[in-house]
2 protein chains.
Amino acid sequence: MEKVNLTEKFEQFQEMWSPKIVGEVNNTAVKLVKLKDEFVWHHHDNEDELFLVVKGRLLMKFRDRDVWLDEGELIVIPRGVEHLPVAPEEVHVLLVEPNTTLNTGNVQNERTIANLQHL
Amino acid sequence: MEKVNLTEKFEQFQEMWSPKIVGEVNNTAVKLVKLKDEFVWHHHDNEDELFLVVKGRLLMKFRDRDVWLDEGELIVIPRGVEHLPVAPEEVHVLLVEPNTTLNTGNVQNERTIANLQHL
C-alpha cells in the first residue's frame with residue numbers, strides 16, 4: 001500500500017495512447033495515459049469511463065458535439081456513447097474504468113492494448 | 001453528460017467530512033470531500049477506497065505508520081485496513097469508491113453520512 005505521485009508516474013513512460021494501471025479499487029482501475037493527436041471513434045458496450053485531465057487540454061468529440069476539458073476537469077462517458085478523444089497538444093489523463101475495459105472499446109485494431117502495464 | 005470542473009464543485013459547499021457525488025462510473029462513485037481536523041478510526045469490510053489530494057495536504061494514519069499525501073498524490077486503502085484521515089489544514093480530496101461506501105465504514109456515529117448529495 002504505497003502512495004502514488006501522479007507527476008512521478010507520468011515521468012516513467014512516454015508512449016502515447018497506452019494506459020498504465022496505478023491503482024485498483026475493487027474492480028475499478030485507475031489508469032494514467034498520455035494522449036497526442038487523434039484516437040479512433042469507439043464506444044464501450046457495458047462500461048462507463050471517466051477521463052480526468054491532469055495536464056494539458058483534451059477535446060472529447062461526440063457525434064453531436066465537442067467538449068473541451070481543461071486541467072482539473074473530468075467527464076464520465078456512459079456506456080454505449082461513441083466518442084473520439086483528440087489531443088492537439090500532449091495531454092495527461094487519469095482514467096477511472098473497470099479493469100477489464102479495452103482502450104478501443106468495441107473496435108479492435110493496431111491501437112488496441114489488451115495487457116496493461118502496472119506502474 | 002456534462003463535464004465537471006473540480007474547482008467549481010469544491011466552491012459549491014463548505015461542510016467538512018461530507019462527501020458529495022460528482023460522477024458515477026458503473027458501480028463506482030467519484031466523490032469530492034473537504035477535510036479539516038481529525039476523523040475517526042475506521043475500516044471498510046468489503047470495499048477498497050481511493051483518496052486523491054486535489055488541494056492541500058492530508059495525513060493518512062495507519063496503525064503501524066503515517067503517510068503524508070500532497071497535491072497530486074493518491075493512495076488506495078484496501079478493504080479491512082484501519083485508517084484515520086487527519087487534516088491539520090483544510091484539504092480537498094477526490095474519492096473513488098463503491099457508491100455504497102459509508103464514510104465511517106464499520107463505525108456508525110454522528111459523523112456517518114448515509115445519503116450523499118449529488119453536485
# chains A, B, ... in the order shown; residues from 1 in each chain; ligands from 1
$ closest_atom_pairs --of "chain B" --to "chain A" --cutoff "9 Å" --atoms "only C-alpha atoms" --output "CSV"
residue,atom,partner,partner_atom,distance
B:Met1,CA,A:Val76,CA,6.9
B:Glu2,CA,A:Ile75,CA,6.6
B:Lys3,CA,A:Ile75,CA,4.6
B:Val4,CA,A:Leu74,CA,5.2
B:Asn5,CA,A:Glu73,CA,4.4
B:Leu6,CA,A:Gly72,CA,5.7
B:Thr7,CA,A:Gly72,CA,7.2
B:Gly23,CA,A:Val76,CA,6.7
B:Glu24,CA,A:Val76,CA,7.3
B:Val25,CA,A:Asp48,CA,5.2
B:Asn26,CA,A:Asp48,CA,5.7
B:Asn27,CA,A:Thr28,CA,9.0
B:Thr28,CA,A:Thr28,CA,7.4
B:Asn46,CA,A:Asn26,CA,8.7
B:Glu47,CA,A:Asn26,CA,6.5
B:Asp48,CA,A:Val25,CA,5.2
B:Glu49,CA,A:Val25,CA,6.1
B:Leu50,CA,A:Val25,CA,6.7
B:Val54,CA,A:Gly72,CA,8.7
B:Val67,CA,A:Lys3,CA,7.8
B:Trp68,CA,A:Lys3,CA,8.8
B:Leu69,CA,A:Lys3,CA,7.5
B:Asp70,CA,A:Asn5,CA,8.4
B:Glu71,CA,A:Asn5,CA,8.6
B:Gly72,CA,A:Leu6,CA,5.7
B:Glu73,CA,A:Asn5,CA,4.4
B:Leu74,CA,A:Val4,CA,5.2
B:Ile75,CA,A:Lys3,CA,4.5
B:Val76,CA,A:Gly23,CA,6.7
B:Ile77,CA,A:Met1,CA,7.0
B:Pro78,CA,A:Val25,CA,7.7
B:Arg79,CA,A:Asn26,CA,8.7
B:Val96,CA,A:Val25,CA,7.4
B:Glu97,CA,A:Val25,CA,6.7
B:Pro98,CA,A:Asn26,CA,7.9
$ write_last_selection --atoms "N, CA, C and O atoms" --output "tab-separated table (two decimals), in the first residue's frame"
chain	number	residue	atom	x	y	z
B	1	MET	N	-24.74	14.30	-19.72
B	1	MET	CA	-23.30	14.08	-19.76
B	1	MET	C	-22.57	15.43	-19.82
B	1	MET	O	-22.19	15.89	-20.87
B	2	GLU	N	-22.44	16.04	-18.66
B	2	GLU	CA	-21.77	17.33	-18.58
B	2	GLU	C	-20.40	17.15	-17.97
B	2	GLU	O	-20.20	16.29	-17.12
B	3	LYS	N	-19.47	17.98	-18.37
B	3	LYS	CA	-18.16	17.90	-17.72
B	3	LYS	C	-18.24	18.51	-16.33
B	3	LYS	O	-19.15	19.28	-16.02
B	4	VAL	N	-17.29	18.13	-15.50
B	4	VAL	CA	-17.22	18.58	-14.12
B	4	VAL	C	-15.90	19.32	-13.91
B	4	VAL	O	-14.83	18.76	-14.18
B	5	ASN	N	-15.99	20.56	-13.45
B	5	ASN	CA	-14.79	21.31	-13.09
B	5	ASN	C	-14.60	21.19	-11.59
B	5	ASN	O	-15.45	21.63	-10.80
B	6	LEU	N	-13.51	20.57	-11.18
B	6	LEU	CA	-13.33	20.26	-9.75
B	6	LEU	C	-13.33	21.51	-8.89
B	6	LEU	O	-13.94	21.56	-7.83
B	7	THR	N	-12.63	22.55	-9.34
B	7	THR	CA	-12.57	23.79	-8.56
B	7	THR	C	-13.96	24.37	-8.34
B	7	THR	O	-14.31	24.77	-7.22
B	23	GLY	N	-19.78	12.12	-9.90
B	23	GLY	CA	-19.79	11.25	-11.07
B	23	GLY	C	-19.93	9.81	-10.65
B	23	GLY	O	-19.55	9.44	-9.55
B	24	GLU	N	-20.51	9.01	-11.54
B	24	GLU	CA	-20.60	7.58	-11.27
B	24	GLU	C	-20.13	6.82	-12.49
B	24	GLU	O	-20.52	7.14	-13.63
B	25	VAL	N	-19.28	5.86	-12.25
B	25	VAL	CA	-18.69	5.05	-13.30
B	25	VAL	C	-19.04	3.62	-12.97
B	25	VAL	O	-18.48	3.03	-12.07
B	26	ASN	N	-20.05	3.10	-13.64
B	26	ASN	CA	-20.54	1.77	-13.30
B	26	ASN	C	-21.00	1.81	-11.83
B	26	ASN	O	-21.80	2.67	-11.49
B	27	ASN	N	-20.49	0.94	-10.98
B	27	ASN	CA	-20.94	0.98	-9.58
B	27	ASN	C	-20.02	1.78	-8.68
B	27	ASN	O	-20.12	1.72	-7.46
B	28	THR	N	-19.13	2.50	-9.30
B	28	THR	CA	-18.14	3.26	-8.55
B	28	THR	C	-18.51	4.74	-8.57
B	28	THR	O	-18.89	5.26	-9.60
B	46	ASN	N	-15.64	-4.50	3.03
B	46	ASN	CA	-15.66	-5.13	1.70
B	46	ASN	C	-15.27	-4.19	0.58
B	46	ASN	O	-15.48	-4.51	-0.59
B	47	GLU	N	-14.74	-3.03	0.91
B	47	GLU	CA	-14.55	-2.04	-0.14
B	47	GLU	C	-13.19	-1.38	-0.02
B	47	GLU	O	-12.80	-0.92	1.04
B	48	ASP	N	-12.50	-1.31	-1.14
B	48	ASP	CA	-11.29	-0.50	-1.22
B	48	ASP	C	-11.71	0.95	-1.42
B	48	ASP	O	-12.81	1.23	-1.88
B	49	GLU	N	-10.78	1.84	-1.11
B	49	GLU	CA	-11.13	3.27	-1.15
B	49	GLU	C	-9.90	4.04	-1.64
B	49	GLU	O	-8.80	3.83	-1.13
B	50	LEU	N	-10.12	4.92	-2.60
B	50	LEU	CA	-9.00	5.72	-3.12
B	50	LEU	C	-9.16	7.17	-2.71
B	50	LEU	O	-10.23	7.76	-2.86
B	54	VAL	N	-6.44	16.86	-4.06
B	54	VAL	CA	-6.58	17.87	-5.10
B	54	VAL	C	-5.99	19.20	-4.64
B	54	VAL	O	-5.43	19.96	-5.42
B	67	VAL	N	1.27	8.22	6.57
B	67	VAL	CA	1.61	8.58	5.18
B	67	VAL	C	1.07	9.98	4.91
B	67	VAL	O	-0.13	10.24	5.07
B	68	TRP	N	1.96	10.88	4.51
B	68	TRP	CA	1.55	12.23	4.11
B	68	TRP	C	1.28	12.23	2.61
B	68	TRP	O	2.10	11.77	1.82
B	69	LEU	N	0.15	12.80	2.23
B	69	LEU	CA	-0.22	12.91	0.82
B	69	LEU	C	-0.29	14.37	0.42
B	69	LEU	O	-1.05	15.16	1.02
B	70	ASP	N	0.49	14.73	-0.57
B	70	ASP	CA	0.47	16.10	-1.09
B	70	ASP	C	-0.44	16.18	-2.31
B	70	ASP	O	-0.93	15.16	-2.79
B	71	GLU	N	-0.62	17.38	-2.80
B	71	GLU	CA	-1.41	17.58	-4.01
B	71	GLU	C	-0.89	16.69	-5.14
B	71	GLU	O	0.32	16.60	-5.37
B	72	GLY	N	-1.80	16.04	-5.85
B	72	GLY	CA	-1.40	15.18	-6.95
B	72	GLY	C	-0.92	13.81	-6.49
B	72	GLY	O	-0.34	13.08	-7.28
B	73	GLU	N	-1.17	13.48	-5.24
B	73	GLU	CA	-0.81	12.15	-4.75
B	73	GLU	C	-2.07	11.39	-4.34
B	73	GLU	O	-3.01	11.97	-3.80
B	74	LEU	N	-2.05	10.09	-4.58
B	74	LEU	CA	-3.20	9.26	-4.23
B	74	LEU	C	-2.73	8.03	-3.48
B	74	LEU	O	-1.57	7.61	-3.55
B	75	ILE	N	-3.68	7.43	-2.77
B	75	ILE	CA	-3.42	6.16	-2.11
B	75	ILE	C	-4.69	5.33	-2.16
B	75	ILE	O	-5.80	5.88	-2.07
B	76	VAL	N	-4.52	4.04	-2.37
B	76	VAL	CA	-5.65	3.11	-2.30
B	76	VAL	C	-5.56	2.37	-0.97
B	76	VAL	O	-4.53	1.77	-0.66
B	77	ILE	N	-6.63	2.45	-0.22
B	77	ILE	CA	-6.68	1.76	1.07
B	77	ILE	C	-7.50	0.49	0.88
B	77	ILE	O	-8.70	0.55	0.63
B	78	PRO	N	-6.84	-0.66	0.98
B	78	PRO	CA	-7.57	-1.91	0.74
B	78	PRO	C	-8.61	-2.17	1.83
B	78	PRO	O	-8.47	-1.71	2.97
B	79	ARG	N	-9.62	-2.91	1.46
B	79	ARG	CA	-10.66	-3.29	2.42
B	79	ARG	C	-10.00	-3.89	3.66
B	79	ARG	O	-8.99	-4.58	3.59
B	96	VAL	N	-12.52	7.77	-4.85
B	96	VAL	CA	-13.07	6.78	-5.78
B	96	VAL	C	-13.38	5.55	-4.96
B	96	VAL	O	-12.47	4.96	-4.35
B	97	GLU	N	-14.63	5.18	-4.91
B	97	GLU	CA	-15.04	4.06	-4.08
B	97	GLU	C	-16.43	3.61	-4.52
B	97	GLU	O	-17.12	4.34	-5.23
B	98	PRO	N	-16.86	2.41	-4.11
B	98	PRO	CA	-18.21	1.98	-4.49
B	98	PRO	C	-19.23	3.02	-4.03
B	98	PRO	O	-19.06	3.64	-2.97
$ residues_around --residues "Val107 (chain B)" --least-positions-apart "3" --cutoff "10 Å" --atoms "only C-alpha atoms" --output "list in words"
Val40, Trp41, His42, His43, His44, Leu102, Asn103, Thr104, Glu110, Arg111 and Thr112 of chain B
$ residues_around --residues "Asp66 (chain A)" --least-positions-apart "3" --cutoff "10 Å" --atoms "only C-alpha atoms" --output "JSON, numbers by chain"
{"A": [59, 60, 61, 62, 63, 69, 83, 84, 85]}
$ select_by_dssp --residues "region 7-68 of chain A" --states "alpha helix (DSSP H)" --output "list in words"
Thr7, Glu8, Lys9 and Phe10 of chain A
$ select_by_dssp --residues "chain A" --states "strand (DSSP E or B)" --output "ChimeraX atom specification"
/A:4-5,20-25,28-38,42,49-55,58-61,66-69,73-77,83-98,118
$ residues_around --residues "Trp17 (chain B)" --least-positions-apart "4" --cutoff "9 Å" --atoms "only C-alpha atoms" --output "number ranges by chain"
B: 33-36, 39, 103, 111, 113
$ write_last_selection --atoms "C-alpha atoms" --output "PDB file, in the first residue's frame"
ATOM      1  CA  VAL B  33     -14.876  15.979   0.154  1.00  0.00           C
ATOM      2  CA  LYS B  34     -13.320  18.738   2.234  1.00  0.00           C
ATOM      3  CA  LEU B  35     -11.466  17.630   5.338  1.00  0.00           C
ATOM      4  CA  LYS B  36     -10.243  19.561   8.358  1.00  0.00           C
ATOM      5  CA  PHE B  39     -11.794  11.958  11.575  1.00  0.00           C
ATOM      6  CA  ASN B 103     -17.730   7.451   5.060  1.00  0.00           C
ATOM      7  CA  ARG B 111     -20.272  11.614  11.656  1.00  0.00           C
ATOM      8  CA  ILE B 113     -23.440  10.344   6.293  1.00  0.00           C
TER       9      ILE B 113
END
$ atom_distance --atom1 "CA of Leu94 (chain B)" --atom2 "CA of Lys9 (chain B)"
11.1 Å
$ atom_distance --atom1 "CA of Lys55 (chain B)" --atom2 "CA of His118 (chain A)"
25.9 Å
$ decode --residues "region 16-50 of chain A" --atoms "N, CA, C and O atoms" --output "compact mmCIF listing (two decimals), in the first residue's frame"
# COMPACT_ATOMS: atom_id res chain seq x y z
N MET A 16 2.33 7.14 -26.16
CA MET A 16 1.01 7.75 -26.22
C MET A 16 -0.04 6.65 -26.36
O MET A 16 0.24 5.59 -26.92
N TRP A 17 -1.22 6.92 -25.85
CA TRP A 17 -2.37 6.02 -26.02
C TRP A 17 -2.16 4.63 -25.43
O TRP A 17 -2.74 3.65 -25.88
N SER A 18 -1.32 4.57 -24.40
CA SER A 18 -1.03 3.27 -23.77
C SER A 18 -1.25 3.37 -22.26
O SER A 18 -0.32 3.69 -21.51
N PRO A 19 -2.47 3.11 -21.81
CA PRO A 19 -2.79 3.32 -20.39
C PRO A 19 -1.98 2.39 -19.47
O PRO A 19 -1.75 1.23 -19.80
N LYS A 20 -1.57 2.95 -18.34
CA LYS A 20 -0.84 2.20 -17.31
C LYS A 20 -1.70 2.18 -16.05
O LYS A 20 -2.26 3.21 -15.66
N ILE A 21 -1.75 1.06 -15.40
CA ILE A 21 -2.54 0.96 -14.17
C ILE A 21 -1.71 1.43 -12.98
O ILE A 21 -0.60 0.94 -12.75
N VAL A 22 -2.26 2.36 -12.21
CA VAL A 22 -1.55 2.81 -11.00
C VAL A 22 -2.32 2.50 -9.72
O VAL A 22 -1.82 2.74 -8.63
N GLY A 23 -3.50 1.98 -9.85
CA GLY A 23 -4.25 1.62 -8.64
C GLY A 23 -5.49 0.85 -9.02
O GLY A 23 -6.04 1.01 -10.11
N GLU A 24 -5.94 0.00 -8.09
CA GLU A 24 -7.19 -0.73 -8.32
C GLU A 24 -8.05 -0.59 -7.08
O GLU A 24 -7.58 -0.76 -5.96
N VAL A 25 -9.30 -0.25 -7.32
CA VAL A 25 -10.26 -0.03 -6.26
C VAL A 25 -11.41 -1.00 -6.54
O VAL A 25 -12.21 -0.76 -7.42
N ASN A 26 -11.42 -2.10 -5.82
CA ASN A 26 -12.40 -3.14 -6.12
C ASN A 26 -12.18 -3.58 -7.57
O ASN A 26 -11.06 -3.94 -7.94
N ASN A 27 -13.19 -3.56 -8.41
CA ASN A 27 -12.99 -3.99 -9.80
C ASN A 27 -12.71 -2.84 -10.75
O ASN A 27 -12.74 -2.99 -11.96
N THR A 28 -12.45 -1.70 -10.17
CA THR A 28 -12.22 -0.50 -10.97
C THR A 28 -10.73 -0.17 -10.98
O THR A 28 -10.07 -0.25 -9.95
N ALA A 29 -10.25 0.18 -12.15
CA ALA A 29 -8.84 0.54 -12.25
C ALA A 29 -8.69 2.04 -12.41
O ALA A 29 -9.52 2.70 -13.03
N VAL A 30 -7.61 2.55 -11.84
CA VAL A 30 -7.18 3.92 -12.09
C VAL A 30 -5.96 3.82 -12.99
O VAL A 30 -4.99 3.14 -12.66
N LYS A 31 -6.08 4.45 -14.15
CA LYS A 31 -5.04 4.33 -15.17
C LYS A 31 -4.55 5.72 -15.54
O LYS A 31 -5.30 6.68 -15.48
N LEU A 32 -3.28 5.79 -15.91
CA LEU A 32 -2.72 7.04 -16.44
C LEU A 32 -2.41 6.83 -17.90
O LEU A 32 -1.91 5.77 -18.30
N VAL A 33 -2.68 7.86 -18.69
CA VAL A 33 -2.40 7.75 -20.12
C VAL A 33 -1.99 9.11 -20.66
O VAL A 33 -2.49 10.15 -20.21
N LYS A 34 -1.03 9.08 -21.59
CA LYS A 34 -0.65 10.29 -22.32
C LYS A 34 -1.28 10.22 -23.70
O LYS A 34 -1.23 9.17 -24.36
N LEU A 35 -1.84 11.32 -24.13
CA LEU A 35 -2.52 11.37 -25.42
C LEU A 35 -1.92 12.48 -26.28
O LEU A 35 -1.59 13.56 -25.78
N LYS A 36 -1.82 12.20 -27.57
CA LYS A 36 -1.37 13.22 -28.54
C LYS A 36 -1.97 12.83 -29.88
O LYS A 36 -1.89 11.67 -30.27
N ASP A 37 -2.53 13.83 -30.55
CA ASP A 37 -3.20 13.62 -31.84
C ASP A 37 -4.55 12.94 -31.63
O ASP A 37 -5.12 13.00 -30.55
N GLU A 38 -5.02 12.25 -32.65
CA GLU A 38 -6.39 11.78 -32.64
C GLU A 38 -6.44 10.27 -32.43
O GLU A 38 -5.58 9.54 -32.92
N PHE A 39 -7.43 9.81 -31.70
CA PHE A 39 -7.59 8.37 -31.48
C PHE A 39 -8.54 7.79 -32.53
O PHE A 39 -8.50 8.22 -33.69
N VAL A 40 -9.36 6.84 -32.17
CA VAL A 40 -10.34 6.27 -33.09
C VAL A 40 -11.72 6.37 -32.45
O VAL A 40 -11.86 6.27 -31.24
N TRP A 41 -12.72 6.57 -33.28
CA TRP A 41 -14.10 6.55 -32.77
C TRP A 41 -14.39 5.18 -32.19
O TRP A 41 -14.11 4.15 -32.81
N HIS A 42 -14.95 5.14 -31.00
CA HIS A 42 -15.32 3.86 -30.40
C HIS A 42 -16.33 4.10 -29.29
O HIS A 42 -16.58 5.24 -28.88
N HIS A 43 -16.89 3.02 -28.81
CA HIS A 43 -17.70 3.09 -27.59
C HIS A 43 -17.43 1.83 -26.79
O HIS A 43 -16.76 0.90 -27.26
N HIS A 44 -17.92 1.82 -25.57
CA HIS A 44 -17.79 0.65 -24.70
C HIS A 44 -19.20 0.12 -24.45
O HIS A 44 -20.05 0.85 -23.94
N ASP A 45 -19.42 -1.13 -24.80
CA ASP A 45 -20.78 -1.67 -24.72
C ASP A 45 -21.34 -1.67 -23.31
O ASP A 45 -22.51 -1.39 -23.10
N ASN A 46 -20.49 -2.03 -22.33
CA ASN A 46 -21.02 -2.28 -20.98
C ASN A 46 -20.35 -1.48 -19.89
O ASN A 46 -20.54 -1.77 -18.72
N GLU A 47 -19.55 -0.52 -20.28
CA GLU A 47 -18.73 0.12 -19.26
C GLU A 47 -18.72 1.64 -19.43
O GLU A 47 -18.51 2.15 -20.52
N ASP A 48 -18.95 2.32 -18.32
CA ASP A 48 -18.76 3.77 -18.29
C ASP A 48 -17.26 4.03 -18.13
O ASP A 48 -16.51 3.18 -17.66
N GLU A 49 -16.87 5.24 -18.49
CA GLU A 49 -15.44 5.56 -18.49
C GLU A 49 -15.27 7.02 -18.06
O GLU A 49 -15.95 7.90 -18.59
N LEU A 50 -14.38 7.25 -17.12
CA LEU A 50 -14.14 8.62 -16.65
C LEU A 50 -12.77 9.10 -17.11
O LEU A 50 -11.77 8.40 -16.96
